[in-house]
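Coordinates as given in structure39.cif (mmCIF, C-alpha atoms and all ligand atoms):
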```
data_data
#
loop_
_atom_site.label_atom_id
_atom_site.label_comp_id
_atom_site.auth_asym_id
_atom_site.auth_seq_id
_atom_site.Cartn_x
_atom_site.Cartn_y
_atom_site.Cartn_z
CA MET A 183 0.00 0.00 0.00
CA SER A 184 1.41 3.39 -0.90
CA SER A 185 1.63 6.29 1.50
CA GLY A 186 1.57 10.03 1.08
CA GLY A 187 -2.04 10.71 0.09
CA VAL A 188 -3.15 14.29 -0.28
CA ALA A 189 0.05 15.56 1.23
CA GLY A 190 2.40 13.45 -0.77
CA GLY A 191 1.90 10.44 -2.95
CA ARG A 192 -1.08 8.76 -4.51
CA PRO A 193 -3.53 6.79 -2.37
CA PRO A 194 -4.01 3.15 -3.30
CA ARG A 195 -5.88 2.84 -6.54
CA ALA A 196 -8.84 0.53 -6.83
CA SER A 197 -7.67 -2.14 -9.20
CA THR A 198 -10.27 -3.47 -11.60
CA ALA A 199 -8.93 -6.95 -10.87
CA ARG A 200 -10.72 -8.54 -7.92
CA SER A 201 -9.27 -11.10 -5.60
CA ALA A 202 -10.82 -14.42 -6.63
CA SER A 203 -10.91 -15.56 -3.01
CA ALA A 204 -12.48 -12.36 -1.58
CA PRO A 205 -15.39 -13.39 0.65
CA ALA A 206 -18.78 -11.70 0.37
CA GLY A 207 -19.26 -8.80 2.80
CA PRO A 208 -21.94 -8.71 5.47
CA LEU A 209 -24.09 -6.75 3.05
CA GLY A 210 -24.49 -9.91 1.00
CA GLN A 211 -22.51 -8.52 -1.90
CA SER A 212 -19.13 -9.47 -3.17
CA ALA A 213 -16.78 -7.30 -1.15
CA SER A 214 -14.88 -5.31 -3.68
CA ALA A 215 -11.45 -5.43 -2.09
CA PRO A 216 -8.93 -4.44 -4.72
CA VAL A 217 -5.82 -6.54 -5.06
CA GLY A 218 -3.32 -5.29 -2.47
CA LEU A 219 -6.00 -4.12 -0.01
CA PRO A 220 -7.46 -6.39 2.65
CA ASP A 221 -11.14 -7.21 2.22
CA LEU A 222 -12.85 -4.90 4.71
CA GLY A 223 -16.34 -6.26 4.09
CA LEU A 224 -17.60 -2.82 3.09
CA GLY A 225 -18.82 -3.67 -0.42
CA GLY A 226 -22.17 -1.90 -0.92
CA ALA A 227 -21.94 0.08 2.34
CA ALA A 228 -22.72 3.82 2.51
CA VAL A 229 -20.33 5.79 4.72
CA ILE A 230 -20.32 9.47 5.69
CA VAL A 231 -16.89 11.11 6.00
CA THR A 232 -16.69 14.66 7.33
CA GLY A 233 -13.79 16.90 6.40
CA ALA A 234 -13.45 14.76 3.26
CA GLY A 235 -12.06 17.49 1.03
CA SER A 236 -8.50 17.41 2.37
CA GLY A 237 -5.92 15.65 4.51
CA ILE A 238 -6.95 12.61 6.53
CA GLY A 239 -10.61 12.83 5.45
CA ALA A 240 -9.75 12.83 1.73
CA ALA A 241 -7.38 9.88 2.14
CA THR A 242 -10.04 8.03 4.18
CA ALA A 243 -12.73 8.67 1.58
CA ARG A 244 -10.49 7.22 -1.13
CA HIS A 245 -9.58 4.17 0.96
CA LEU A 246 -13.21 3.48 1.77
CA ALA A 247 -14.29 3.94 -1.85
CA ALA A 248 -11.48 1.65 -2.98
CA SER A 249 -12.87 -0.93 -0.54
CA GLY A 250 -16.27 -0.84 -2.23
CA ALA A 251 -18.12 1.67 -0.02
CA SER A 252 -20.14 4.58 -1.39
CA VAL A 253 -18.82 7.65 0.38
CA VAL A 254 -20.64 10.85 1.34
CA LEU A 255 -18.08 13.66 1.23
CA VAL A 256 -18.79 16.50 3.69
CA GLY A 257 -17.00 19.84 4.05
CA ARG A 258 -17.48 23.53 3.38
CA ARG A 259 -15.30 23.91 0.27
CA ARG A 260 -17.16 22.47 -2.73
CA ALA A 261 -14.13 22.51 -5.04
CA LEU A 262 -12.12 20.30 -2.66
CA LEU A 263 -15.00 17.84 -2.30
CA LYS A 264 -15.38 17.70 -6.07
CA SER A 265 -11.70 16.94 -6.63
CA VAL A 266 -11.90 14.03 -4.17
CA ALA A 267 -15.13 12.84 -5.83
CA ASP A 268 -13.43 13.01 -9.25
CA ALA A 269 -10.50 10.94 -7.95
CA ILE A 270 -12.91 8.35 -6.53
CA THR A 271 -14.79 8.19 -9.84
CA ALA A 272 -11.52 7.79 -11.75
CA ASP A 273 -10.70 4.86 -9.47
CA GLY A 274 -14.07 3.24 -10.24
CA GLY A 275 -15.74 4.18 -6.92
CA GLN A 276 -18.93 6.00 -5.91
CA SER A 277 -19.38 9.17 -3.87
CA LEU A 278 -21.73 12.05 -3.18
CA CYS A 279 -20.63 15.59 -2.34
CA VAL A 280 -22.62 17.24 0.45
CA PRO A 281 -21.24 20.75 1.04
CA ALA A 282 -22.14 21.77 4.58
CA ASP A 283 -20.87 23.90 7.43
CA LEU A 284 -20.90 21.54 10.41
CA ALA A 285 -20.74 24.47 12.82
CA VAL A 286 -24.36 25.14 11.84
CA ALA A 287 -26.74 23.24 14.12
CA ALA A 288 -28.96 21.94 11.30
CA SER A 289 -26.09 20.42 9.28
CA PRO A 290 -25.88 16.95 10.88
CA ARG A 291 -29.54 16.23 10.05
CA HIS A 292 -29.03 17.58 6.51
CA VAL A 293 -25.97 15.36 5.95
CA ALA A 294 -27.70 12.21 7.23
CA ASP A 295 -30.78 12.95 5.07
CA ALA A 296 -28.59 13.48 1.98
CA CYS A 297 -26.94 10.09 2.51
CA LEU A 298 -30.31 8.37 2.97
CA ASP A 299 -31.83 10.13 -0.07
CA ARG A 300 -29.00 9.01 -2.33
CA PHE A 301 -28.02 5.59 -0.98
CA GLY A 302 -31.04 4.58 1.13
CA ARG A 303 -28.81 3.56 4.01
CA ILE A 304 -26.09 4.69 6.41
CA ASP A 305 -23.65 1.96 7.41
CA GLY A 306 -20.81 4.00 8.84
CA LEU A 307 -19.81 7.48 9.96
CA VAL A 308 -16.34 9.01 10.19
CA ASN A 309 -16.35 12.16 12.34
CA ASN A 310 -13.14 13.71 11.05
CA ALA A 311 -13.78 17.44 10.43
CA ALA A 312 -12.28 19.85 12.95
CA VAL A 313 -10.84 23.29 13.38
CA VAL A 314 -7.72 24.15 15.36
CA ARG A 315 -6.19 27.37 16.68
CA HIS A 316 -3.31 27.58 19.12
CA LEU A 317 -3.86 30.66 21.29
CA SER A 318 -3.13 31.74 24.84
CA LEU A 319 -6.05 32.24 27.25
CA SER A 320 -6.20 36.01 26.78
CA GLU A 321 -6.34 35.72 22.99
CA TRP A 322 -9.51 33.59 22.81
CA SER A 323 -12.83 35.13 21.74
CA VAL A 324 -16.26 33.67 22.45
CA GLY A 325 -16.74 33.24 18.70
CA GLY A 326 -13.57 31.19 18.26
CA PHE A 327 -14.34 29.09 21.33
CA ASP A 328 -17.89 28.41 20.11
CA GLU A 329 -16.65 27.50 16.61
CA HIS A 330 -14.35 24.84 18.12
CA VAL A 331 -17.11 23.39 20.29
CA ALA A 332 -19.70 23.43 17.49
CA THR A 333 -17.42 21.90 14.86
CA ASN A 334 -15.30 19.51 16.92
CA ILE A 335 -17.86 18.24 19.48
CA ARG A 336 -21.47 19.24 18.76
CA ALA A 337 -21.43 18.20 15.09
CA PRO A 338 -19.97 14.69 15.72
CA PHE A 339 -22.45 14.14 18.57
CA PHE A 340 -25.50 15.14 16.54
CA LEU A 341 -24.26 13.33 13.44
CA ILE A 342 -24.21 10.12 15.46
CA GLN A 343 -27.72 10.94 16.69
CA ALA A 344 -28.98 11.71 13.17
CA ALA A 345 -27.39 8.58 11.67
CA LEU A 346 -28.43 6.22 14.47
CA PRO A 347 -31.83 5.02 13.15
CA ALA A 348 -30.19 4.05 9.84
CA LEU A 349 -27.08 2.60 11.52
CA LEU A 350 -29.32 0.31 13.55
CA LYS A 351 -30.58 -1.25 10.30
CA SER A 352 -27.07 -1.82 8.96
CA PRO A 353 -24.97 -4.96 9.42
CA VAL A 354 -21.92 -2.67 9.80
CA LYS A 355 -23.16 -0.20 12.49
CA SER A 356 -19.89 1.61 12.97
CA VAL A 357 -18.69 5.09 13.96
CA VAL A 358 -15.08 6.28 14.00
CA ASN A 359 -14.22 9.60 15.64
CA ILE A 360 -10.93 11.41 15.03
CA SER A 361 -9.53 13.06 18.13
CA SER A 362 -5.88 14.03 18.65
CA SER A 363 -2.78 13.45 20.72
CA SER A 364 -3.41 17.07 21.84
CA GLY A 365 -6.22 15.75 24.04
CA THR A 366 -3.62 13.77 26.01
CA LEU A 367 -0.59 16.09 25.90
CA HIS A 368 -2.05 19.28 27.47
CA ARG A 369 0.27 21.62 25.51
CA THR A 370 0.25 25.35 26.22
CA GLY A 371 -1.86 27.16 23.63
CA GLN A 372 -3.95 24.09 22.85
CA SER A 373 -6.46 24.53 25.69
CA VAL A 374 -9.58 24.82 23.55
CA TYR A 375 -8.61 22.43 20.73
CA GLY A 376 -7.29 19.85 23.24
CA MET A 377 -10.45 20.19 25.33
CA THR A 378 -12.62 19.40 22.31
CA LYS A 379 -10.48 16.36 21.49
CA CYS A 380 -10.65 15.13 25.11
CA ALA A 381 -14.41 15.53 24.84
CA LEU A 382 -14.46 13.41 21.69
CA ASP A 383 -12.49 10.66 23.47
CA TYR A 384 -15.06 10.86 26.29
CA LEU A 385 -18.00 10.75 23.87
CA THR A 386 -16.45 7.77 22.11
CA GLN A 387 -16.38 5.70 25.26
CA THR A 388 -19.70 6.82 26.77
CA LEU A 389 -21.58 6.31 23.49
CA ALA A 390 -19.77 3.01 22.86
CA GLY A 391 -21.18 1.82 26.17
CA GLU A 392 -24.64 3.29 25.57
CA LEU A 393 -24.97 1.84 22.06
CA ALA A 394 -23.24 -1.51 22.60
CA ALA A 395 -26.47 -3.38 23.33
CA SER A 396 -27.76 -2.37 19.90
CA GLY A 397 -24.56 -3.55 18.22
CA VAL A 398 -23.38 -0.07 17.19
CA ARG A 399 -19.60 0.24 17.64
CA VAL A 400 -17.96 3.61 18.38
CA ASN A 401 -14.18 3.87 18.19
CA CYS A 402 -11.62 6.64 17.93
CA ILE A 403 -8.24 7.33 16.41
CA ALA A 404 -6.04 9.92 18.15
CA PRO A 405 -3.46 10.99 15.55
CA GLY A 406 -0.18 12.69 16.31
CA PRO A 407 1.45 15.04 13.78
CA ILE A 408 0.24 14.20 10.26
CA ASP A 409 1.22 15.99 7.06
CA THR A 410 -2.02 17.79 6.15
CA PRO A 411 -3.16 21.36 5.38
CA ILE A 412 -4.39 21.81 8.97
CA HIS A 413 -1.03 23.06 10.23
CA ALA A 414 -1.22 26.12 7.98
CA THR A 415 -4.34 27.17 9.91
CA TRP A 416 -2.51 27.56 13.24
CA ALA A 417 1.19 27.99 12.44
CA THR A 418 2.70 31.31 11.44
CA ASP A 419 5.98 29.63 10.37
CA LEU A 420 5.08 26.26 8.82
CA ALA A 421 8.67 25.02 8.46
CA GLU A 422 9.35 25.75 12.13
CA ALA A 423 6.04 24.12 13.11
CA TYR A 424 6.98 20.93 11.25
CA ARG A 425 10.43 20.87 12.92
CA TRP A 426 8.75 21.29 16.33
CA LEU A 427 6.16 18.59 15.64
CA GLN A 428 8.72 16.13 14.30
CA SER A 429 10.95 16.65 17.34
CA GLN A 430 8.14 15.29 19.55
CA VAL A 431 7.76 12.00 17.69
CA PRO A 432 9.92 9.08 18.86
CA LEU A 433 9.68 7.52 15.37
CA GLY A 434 11.30 10.74 14.16
CA ARG A 435 8.92 11.81 11.42
CA ILE A 436 5.50 13.26 10.62
CA GLY A 437 2.87 10.70 9.60
CA SER A 438 1.01 10.59 6.30
CA PRO A 439 -2.78 10.83 5.82
CA ASP A 440 -2.81 7.33 4.35
CA GLU A 441 -1.26 5.89 7.52
CA VAL A 442 -4.30 7.20 9.43
CA ALA A 443 -6.86 6.40 6.72
CA ARG A 444 -5.94 2.70 6.72
CA TRP A 445 -6.72 2.45 10.44
CA ILE A 446 -9.94 4.43 10.14
CA ALA A 447 -11.12 2.05 7.42
CA LEU A 448 -10.09 -0.97 9.49
CA LEU A 449 -11.88 0.28 12.64
CA LEU A 450 -14.96 1.21 10.65
CA SER A 451 -15.16 -2.19 8.99
CA PRO A 452 -16.58 -5.47 10.32
CA VAL A 453 -12.96 -6.71 10.49
CA SER A 454 -12.97 -4.92 13.89
CA SER A 455 -16.32 -6.40 14.91
CA PHE A 456 -15.34 -7.08 18.55
CA MET A 457 -13.81 -3.64 19.11
CA THR A 458 -15.75 -0.74 20.62
CA GLY A 459 -14.81 2.18 22.88
CA ALA A 460 -11.19 1.99 21.71
CA ILE A 461 -9.11 5.16 21.50
CA ILE A 462 -6.08 4.29 19.40
CA PRO A 463 -3.02 6.55 19.47
CA LEU A 464 -1.60 6.78 15.95
CA ASP A 465 1.23 9.14 16.58
CA GLY A 466 4.66 7.58 16.13
CA GLY A 467 4.86 7.26 19.93
CA GLN A 468 4.24 10.96 20.65
CA VAL A 469 2.15 10.39 23.79
CA ILE A 470 4.65 8.00 25.40
CA ASP A 471 5.94 9.52 28.65
CA ARG A 472 9.69 9.29 28.10
CA GLU A 473 10.91 11.13 31.23
N1 LIG B 501 -2.88 16.69 10.88
C1 LIG B 501 -2.56 16.46 12.15
O1 LIG B 501 -1.40 16.60 12.56
C2 LIG B 501 -3.62 16.02 13.12
C3 LIG B 501 -3.23 15.60 14.39
C4 LIG B 501 -4.18 15.18 15.30
C5 LIG B 501 -5.51 15.18 14.94
N2 LIG B 501 -5.88 15.60 13.70
C6 LIG B 501 -7.31 15.59 13.38
O2 LIG B 501 -7.51 14.97 12.13
C7 LIG B 501 -8.73 15.46 11.57
C8 LIG B 501 -8.51 15.83 10.11
O3 LIG B 501 -7.62 16.92 10.04
P1 LIG B 501 -6.51 17.03 8.92
O4 LIG B 501 -5.21 17.02 9.59
O5 LIG B 501 -6.76 16.09 7.81
O6 LIG B 501 -6.71 18.56 8.45
P2 LIG B 501 -7.49 19.21 7.25
O7 LIG B 501 -6.97 18.72 5.95
O8 LIG B 501 -7.46 20.68 7.51
O9 LIG B 501 -8.96 18.64 7.45
C9 LIG B 501 -9.93 19.23 8.25
C10 LIG B 501 -11.22 19.19 7.44
O10 LIG B 501 -12.30 19.62 8.26
C11 LIG B 501 -13.17 20.37 7.44
N3 LIG B 501 -13.91 21.30 8.27
C12 LIG B 501 -13.42 22.18 9.16
N4 LIG B 501 -14.41 22.92 9.68
C13 LIG B 501 -15.55 22.48 9.11
C14 LIG B 501 -16.91 22.87 9.20
N5 LIG B 501 -17.30 23.87 9.99
N6 LIG B 501 -17.82 22.20 8.46
C15 LIG B 501 -17.45 21.21 7.64
N7 LIG B 501 -16.18 20.80 7.50
C16 LIG B 501 -15.24 21.45 8.21
C17 LIG B 501 -12.26 21.10 6.45
O11 LIG B 501 -12.94 21.36 5.24
P3 LIG B 501 -13.54 22.81 4.87
O12 LIG B 501 -12.57 23.83 5.41
O13 LIG B 501 -13.64 22.79 3.39
O14 LIG B 501 -14.86 22.85 5.56
C18 LIG B 501 -11.16 20.09 6.23
O15 LIG B 501 -11.40 19.31 5.07
C19 LIG B 501 -9.17 16.63 12.47
O16 LIG B 501 -10.16 16.16 13.37
C20 LIG B 501 -7.91 16.98 13.24
O17 LIG B 501 -8.19 17.55 14.49
C21 LIG B 501 -4.97 16.02 12.78
#
```

Let me see the structure of the file written as structure tokens.
Ligand SMILES: NC(=O)c1ccc[n+]([C@@H]2O[C@H](COP(=O)([O-])OP(=O)(O)OC[C@H]3O[C@@H](n4cnc5c(N)ncnc54)[C@H](OP(=O)(O)O)[C@@H]3O)[C@@H](O)[C@H]2O)c1
Amino acid sequence: MSSGGVAGGRPPRASTARSASAPAGPLGQSASAPVGLPDLGLGGAAVIVTGAGSGIGAATARHLAASGASVVLVGRRRALLKSVADAITADGGQSLCVPADLAVAASPRHVADACLDRFGRIDGLVNNAAVVRHLSLSEWSVGGFDEHVATNIRAPFFLIQAALPALLKSPVKSVVNISSSSGTLHRTGQSVYGMTKCALDYLTQTLAGELAASGVRVNCIAPGPIDTPIHATWATDLAEAYRWLQSQVPLGRIGSPDEVARWIALLLSPVSSFMTGAIIPLDGGQVIDRE
């Protein structure tokens, strides 16, 4: 499997050749695992991915589409969504662009309805969209604080709520939230962003417990530094920011979007059918206490 994704190389392409031994997915269809990708059992599934126009979300959308899922691409910038949709189409996959501002309270319902209107089902949800600013206490405004809470916590929560009736009818029934190593590290300047990511970890485990009896799984990936456009939104000197981030990673490098996307797809899929409430650090060892 290649790495690099949006930030670097080309995500794995869906080969037209199918593995002859690929088992049928839980949806009763031949799981369309391309050669070189494990069969995730997502053939025929419909999956919502927020923040799908760039970075980790774009790489995830392409991985899921290459695994046979139809992907609903959510974000504010239509042009970015369209370029991901075009790449999915070129690879032989299916997607639907749903431009939406998730900081608006009505958006989660709108996104779930759009998925149902087009695909008649919701099998999985990837809560990936987020905003990040690194500011000291005195620099925060109510507007900036509220934007972080609305985008990073309220939208994932109400997307799960909006998708739940359809998830309950699915054989996949899976939610993956994307939090951050920032929720564990408590770095100066990351009070608000880190708080929202801690909250997402908390939501993951409380909702995993609440929904377990109905078979809905809720898991979380907590990435460390990954090479995506997000760093340009908080760093004034990007080169210095990358040096600083890399210096914190025991493996000695920044991760790629594809390295996260693979795990999101794996957690979302029935391959992880006995896993719920997991918060997986995917950070090159960044959160290890080395003192
Ligand atoms: N990259 C890292 O080092 C890193 C580390 C830890 C955690 N993460 C997490 O990984 C996830 C993906 O981030 P990324 O690194 O891939 O950065 P990214 O490329 O900037 O992706 C963030 C996405 O969220 C979307 N988004 C932001 N606000 C939105 C809103 N109000 N409504 C709808 N969509 C919105 C953006 O699209 P639009 O602007 O077009 O709306 C963008 O596509 C985030 O949850 C982030 O916190 C990243």

| query | Of the residues A:Lys264, A:His316, A:Arg399, A:Lys379, which is the one nearest to ligand LIG 501 (chain B), using only C-alpha atoms and all ligand atoms? | reply | A:Lys379

Could the residues of chain A that have an atom at most 6 Å from ligand LIG 501 (chain B) be listed as CSV, each with its closest atom pair and the distance in Å to one decimal, counting only C-alpha atoms and all ligand atoms and ordered by chain and ascending residue number?
```
residue,atom,partner,partner_atom,distance
A:Gly233,CA,B:LIG501,C10,3.6
A:Ala234,CA,B:LIG501,O15,5.3
A:Gly235,CA,B:LIG501,O15,4.5
A:Ser236,CA,B:LIG501,O7,4.1
A:Gly237,CA,B:LIG501,O5,3.4
A:Ile238,CA,B:LIG501,O5,3.7
A:Gly239,CA,B:LIG501,O5,5.6
A:Gly257,CA,B:LIG501,N7,3.7
A:Arg258,CA,B:LIG501,O14,3.5
A:Arg259,CA,B:LIG501,O13,3.7
A:Ala282,CA,B:LIG501,C15,5.6
A:Asp283,CA,B:LIG501,N6,3.6
A:Leu284,CA,B:LIG501,N6,3.7
A:Ala285,CA,B:LIG501,N5,4.5
A:Asn310,CA,B:LIG501,O16,4.5
A:Ala311,CA,B:LIG501,O10,3.4
A:Ala312,CA,B:LIG501,O16,4.3
A:Val313,CA,B:LIG501,C12,5.1
A:Thr333,CA,B:LIG501,N5,5.3
A:Ile360,CA,B:LIG501,O16,5.1
A:Ser361,CA,B:LIG501,C5,5.6
A:Ser362,CA,B:LIG501,C5,3.9
A:Ser363,CA,B:LIG501,C4,5.9
A:Pro405,CA,B:LIG501,C4,4.3
A:Gly406,CA,B:LIG501,C3,4.6
A:Pro407,CA,B:LIG501,O1,3.5
A:Ile408,CA,B:LIG501,O1,3.7
A:Asp409,CA,B:LIG501,N1,5.6
A:Thr410,CA,B:LIG501,O4,4.8
A:Pro411,CA,B:LIG501,O7,4.7
A:Ile412,CA,B:LIG501,O8,3.6
```

Same residues, C-alpha atoms, saved as a PDB file, in the coordinates of the input:
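Generated file (result.pdb):
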```pdb
ATOM      1  CA  GLY A 233     -13.790  16.900   6.400  1.00  0.00           C
ATOM      2  CA  ALA A 234     -13.450  14.760   3.260  1.00  0.00           C
ATOM      3  CA  GLY A 235     -12.060  17.490   1.030  1.00  0.00           C
ATOM      4  CA  SER A 236      -8.500  17.410   2.370  1.00  0.00           C
ATOM      5  CA  GLY A 237      -5.920  15.650   4.510  1.00  0.00           C
ATOM      6  CA  ILE A 238      -6.950  12.610   6.530  1.00  0.00           C
ATOM      7  CA  GLY A 239     -10.610  12.830   5.450  1.00  0.00           C
ATOM      8  CA  GLY A 257     -17.000  19.840   4.050  1.00  0.00           C
ATOM      9  CA  ARG A 258     -17.480  23.530   3.380  1.00  0.00           C
ATOM     10  CA  ARG A 259     -15.300  23.910   0.270  1.00  0.00           C
ATOM     11  CA  ALA A 282     -22.140  21.770   4.580  1.00  0.00           C
ATOM     12  CA  ASP A 283     -20.870  23.900   7.430  1.00  0.00           C
ATOM     13  CA  LEU A 284     -20.900  21.540  10.410  1.00  0.00           C
ATOM     14  CA  ALA A 285     -20.740  24.470  12.820  1.00  0.00           C
ATOM     15  CA  ASN A 310     -13.140  13.710  11.050  1.00  0.00           C
ATOM     16  CA  ALA A 311     -13.780  17.440  10.430  1.00  0.00           C
ATOM     17  CA  ALA A 312     -12.280  19.850  12.950  1.00  0.00           C
ATOM     18  CA  VAL A 313     -10.840  23.290  13.380  1.00  0.00           C
ATOM     19  CA  THR A 333     -17.420  21.900  14.860  1.00  0.00           C
ATOM     20  CA  ILE A 360     -10.930  11.410  15.030  1.00  0.00           C
ATOM     21  CA  SER A 361      -9.530  13.060  18.130  1.00  0.00           C
ATOM     22  CA  SER A 362      -5.880  14.030  18.650  1.00  0.00           C
ATOM     23  CA  SER A 363      -2.780  13.450  20.720  1.00  0.00           C
ATOM     24  CA  PRO A 405      -3.460  10.990  15.550  1.00  0.00           C
ATOM     25  CA  GLY A 406      -0.180  12.690  16.310  1.00  0.00           C
ATOM     26  CA  PRO A 407       1.450  15.040  13.780  1.00  0.00           C
ATOM     27  CA  ILE A 408       0.240  14.200  10.260  1.00  0.00           C
ATOM     28  CA  ASP A 409       1.220  15.990   7.060  1.00  0.00           C
ATOM     29  CA  THR A 410      -2.020  17.790   6.150  1.00  0.00           C
ATOM     30  CA  PRO A 411      -3.160  21.360   5.380  1.00  0.00           C
ATOM     31  CA  ILE A 412      -4.390  21.810   8.970  1.00  0.00           C
TER      32      ILE A 412
END
```

| task | Could you give me, as number ranges by chain, the residues that have an atom at most 10 Å away from the point (-25.8, 7.4, 14.6) in the coordinates of the file, using only C-alpha atoms? | result | A: 294, 304-307, 338-350, 355-357, 389, 393, 398-400

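Minimum distance to Val358 of chain A across A:Ser289, A:Ser429, A:Ser323, A:Thr386 (counting only C-alpha atoms) occurs at A:Thr386.
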
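The spacing separating atom CA of Gly275 of chain A from atom CA of Ala404 of chain A amounts to 27.5 Å.
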